[in-house]
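*Asks:* Following this line is my_file-v4.pdb, made up of PDB, C-alpha atoms:
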ATOM      1  CA  MET A1135       0.000   0.000   0.000
ATOM      2  CA  ALA A1136       2.861   2.374   0.756
ATOM      3  CA  GLY A1137       4.158   1.812  -2.776
ATOM      4  CA  CYS A1138       0.767   2.764  -4.184
ATOM      5  CA  LEU A1139       0.713   5.966  -2.173
ATOM      6  CA  GLN A1140       4.229   6.856  -3.327
ATOM      7  CA  GLN A1141       3.239   6.270  -6.976
ATOM      8  CA  GLY A1142      -0.106   8.042  -6.637
ATOM      9  CA  LYS A1143      -1.979   4.901  -7.722
ATOM     10  CA  ASP A1144      -4.682   2.758  -6.238
ATOM     11  CA  VAL A1145      -4.088  -0.976  -5.859
ATOM     12  CA  GLN A1146      -6.215  -1.758  -8.914
ATOM     13  CA  GLY A1147      -3.914   0.438 -10.999
ATOM     14  CA  LEU A1148      -0.824  -1.660 -10.341
ATOM     15  CA  ALA A1149       0.389  -4.013 -13.029
ATOM     16  CA  LEU A1150       0.634  -7.690 -12.159
ATOM     17  CA  PRO A1151       4.466  -7.680 -12.294
ATOM     18  CA  GLN A1152       4.480  -4.859  -9.727
ATOM     19  CA  MET A1153       2.244  -6.869  -7.410
ATOM     20  CA  GLN A1154       4.365  -9.965  -7.933
ATOM     21  CA  GLY A1155       7.382  -7.877  -6.939
ATOM     22  CA  VAL A1156       5.790  -7.665  -3.506
ATOM     23  CA  SER A1157       4.660 -11.301  -3.386
ATOM     24  CA  SER A1158       4.885 -14.172  -5.822
ATOM     25  CA  LEU A1159       1.479 -15.312  -4.553
ATOM     26  CA  PHE A1160      -0.263 -12.701  -6.700
ATOM     27  CA  ASP A1161      -1.658 -13.983  -9.995
ATOM     28  CA  GLU A1162      -4.308 -12.903 -12.530
ATOM     29  CA  ASP A1163      -7.211 -13.507 -10.135
ATOM     30  CA  VAL A1164      -6.011 -10.666  -7.908
ATOM     31  CA  TYR A1165      -7.969  -8.228 -10.081
ATOM     32  CA  GLU A1166     -11.211 -10.122  -9.414
ATOM     33  CA  VAL A1167     -10.599  -9.845  -5.676
ATOM     34  CA  LEU A1168      -9.755  -6.146  -5.904
ATOM     35  CA  ALA A1169     -12.652  -5.147  -8.169
ATOM     36  CA  LEU A1170     -14.595  -2.383  -6.443
ATOM     37  CA  GLU A1171     -18.142  -3.282  -7.474
ATOM     38  CA  PRO A1172     -18.195  -6.733  -5.836
ATOM     39  CA  LEU A1173     -16.568  -5.289  -2.714
ATOM     40  CA  VAL A1174     -19.178  -2.550  -2.457
ATOM     41  CA  ASN A1175     -22.086  -4.895  -3.201
ATOM     42  CA  ALA A1176     -20.886  -7.414  -0.611
ATOM     43  CA  ARG A1177     -22.054  -5.122   2.179
ATOM     44  CA  GLU A1178     -25.677  -6.241   2.231
ATOM     45  CA  ARG A1179     -26.639  -5.503   5.823
ATOM     46  CA  TYR A1180     -28.730  -2.507   6.893
ATOM     47  CA  GLY A1181     -26.897   0.697   6.084
ATOM     48  CA  GLY A1182     -24.385  -1.169   3.912
ATOM     49  CA  THR A1183     -22.959  -0.035   0.615
ATOM     50  CA  ALA A1184     -24.626  -2.659  -1.600
ATOM     51  CA  GLN A1185     -26.780  -1.115  -4.287
ATOM     52  CA  ALA A1186     -29.954  -2.665  -2.869
ATOM     53  CA  GLN A1187     -29.178  -1.230   0.578
ATOM     54  CA  VAL A1188     -28.448   2.225  -0.813
ATOM     55  CA  GLU A1189     -31.709   2.188  -2.768
ATOM     56  CA  ALA A1190     -33.589   1.120   0.364
ATOM     57  CA  GLN A1191     -32.024   3.958   2.365
ATOM     58  CA  ILE A1192     -32.945   6.466  -0.332
ATOM     59  CA  ALA A1193     -36.533   5.200  -0.316
ATOM     60  CA  GLU A1194     -36.673   5.515   3.485
ATOM     61  CA  ALA A1195     -35.277   9.049   3.342
ATOM     62  CA  ARG A1196     -37.775  10.076   0.670
ATOM     63  CA  ALA A1197     -40.630   8.624   2.698
ATOM     64  CA  ALA A1198     -39.460  10.494   5.798
ATOM     65  CA  LEU A1199     -39.212  13.758   3.876
ATOM     66  CA  ALA A1200     -42.709  13.268   2.446
ATOM     67  CA  GLU A1201     -44.263  13.102   5.912
TER
END
Translate the structure described by the file into structure tokens.
*Replies:*
Amino acid sequence: MAGCLQQGKDVQGLALPQMQGVSSLFDEDVYEVLALEPLVNARERYGGTAQAQVEAQIAEARAALAE
């Protein structure tokens, strides 16, 4: 992470050889793990960041404002 900060990049912006320079355990599937959309949508509990939760919170806020 420190290397990313020094280069002004996020982790997703690193090339595979750069990641493998840190650890040989990194392979092509690292990008699937680091993809933002699945990470965001994994938070399904109340108040979470999943799209369904955000839409539910917006609906609740609109209903409260309509009262």
*Asks:* Just give me the gap between CA of Leu1173 (chain A) and CA of Gln1146 (chain A) in Å, one decimal is fine.
*Replies:*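 So the two atoms, CA of Leu1173 (chain A) and CA of Gln1146 (chain A), lie 12.6 Å apart.
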*Asks:* If you apply the PyMOL selection byres ((chain A and resi 1147) around 12) to this file, what residues do you get, as a count of residues only?
*Replies:* 21
*Asks:* Report, in Å with one decimal, the straight-line distance from CA of Phe1160 (chain A) to CA of Ala1136 (chain A).
*Replies:*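 Value for the CA of Phe1160 (chain A)-CA of Ala1136 (chain A) distance: 17.1 Å.
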*Asks:* If you measure from CA of Glu1171 (chain A) to CA of Ala1190 (chain A), what distance in Å do you get, rounded to one decimal?
*Replies:* 17.9 Å
*Asks:* Residues at most 7 Å from region 1185-1187 of chain A, counting only C-alpha atoms, excluding those fewer than 5 positions away in the same chain, as a list in words?
*Replies:*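 Everything that qualifies: Asn1175, Glu1178 and Tyr1180 of chain A.
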*Asks:* Draw an axis-aligned box tight on the listed atoms of region 1163-1180 of chain A, then pad every side by 6 Å and write out centre and edge lengths in Å to one decimal as AutoDock Vina command-line options.
*Replies:*
--center_x -17.4 --center_y -7.9 --center_z -1.6 --size_x 34.7 --size_y 23.1 --size_z 29.0
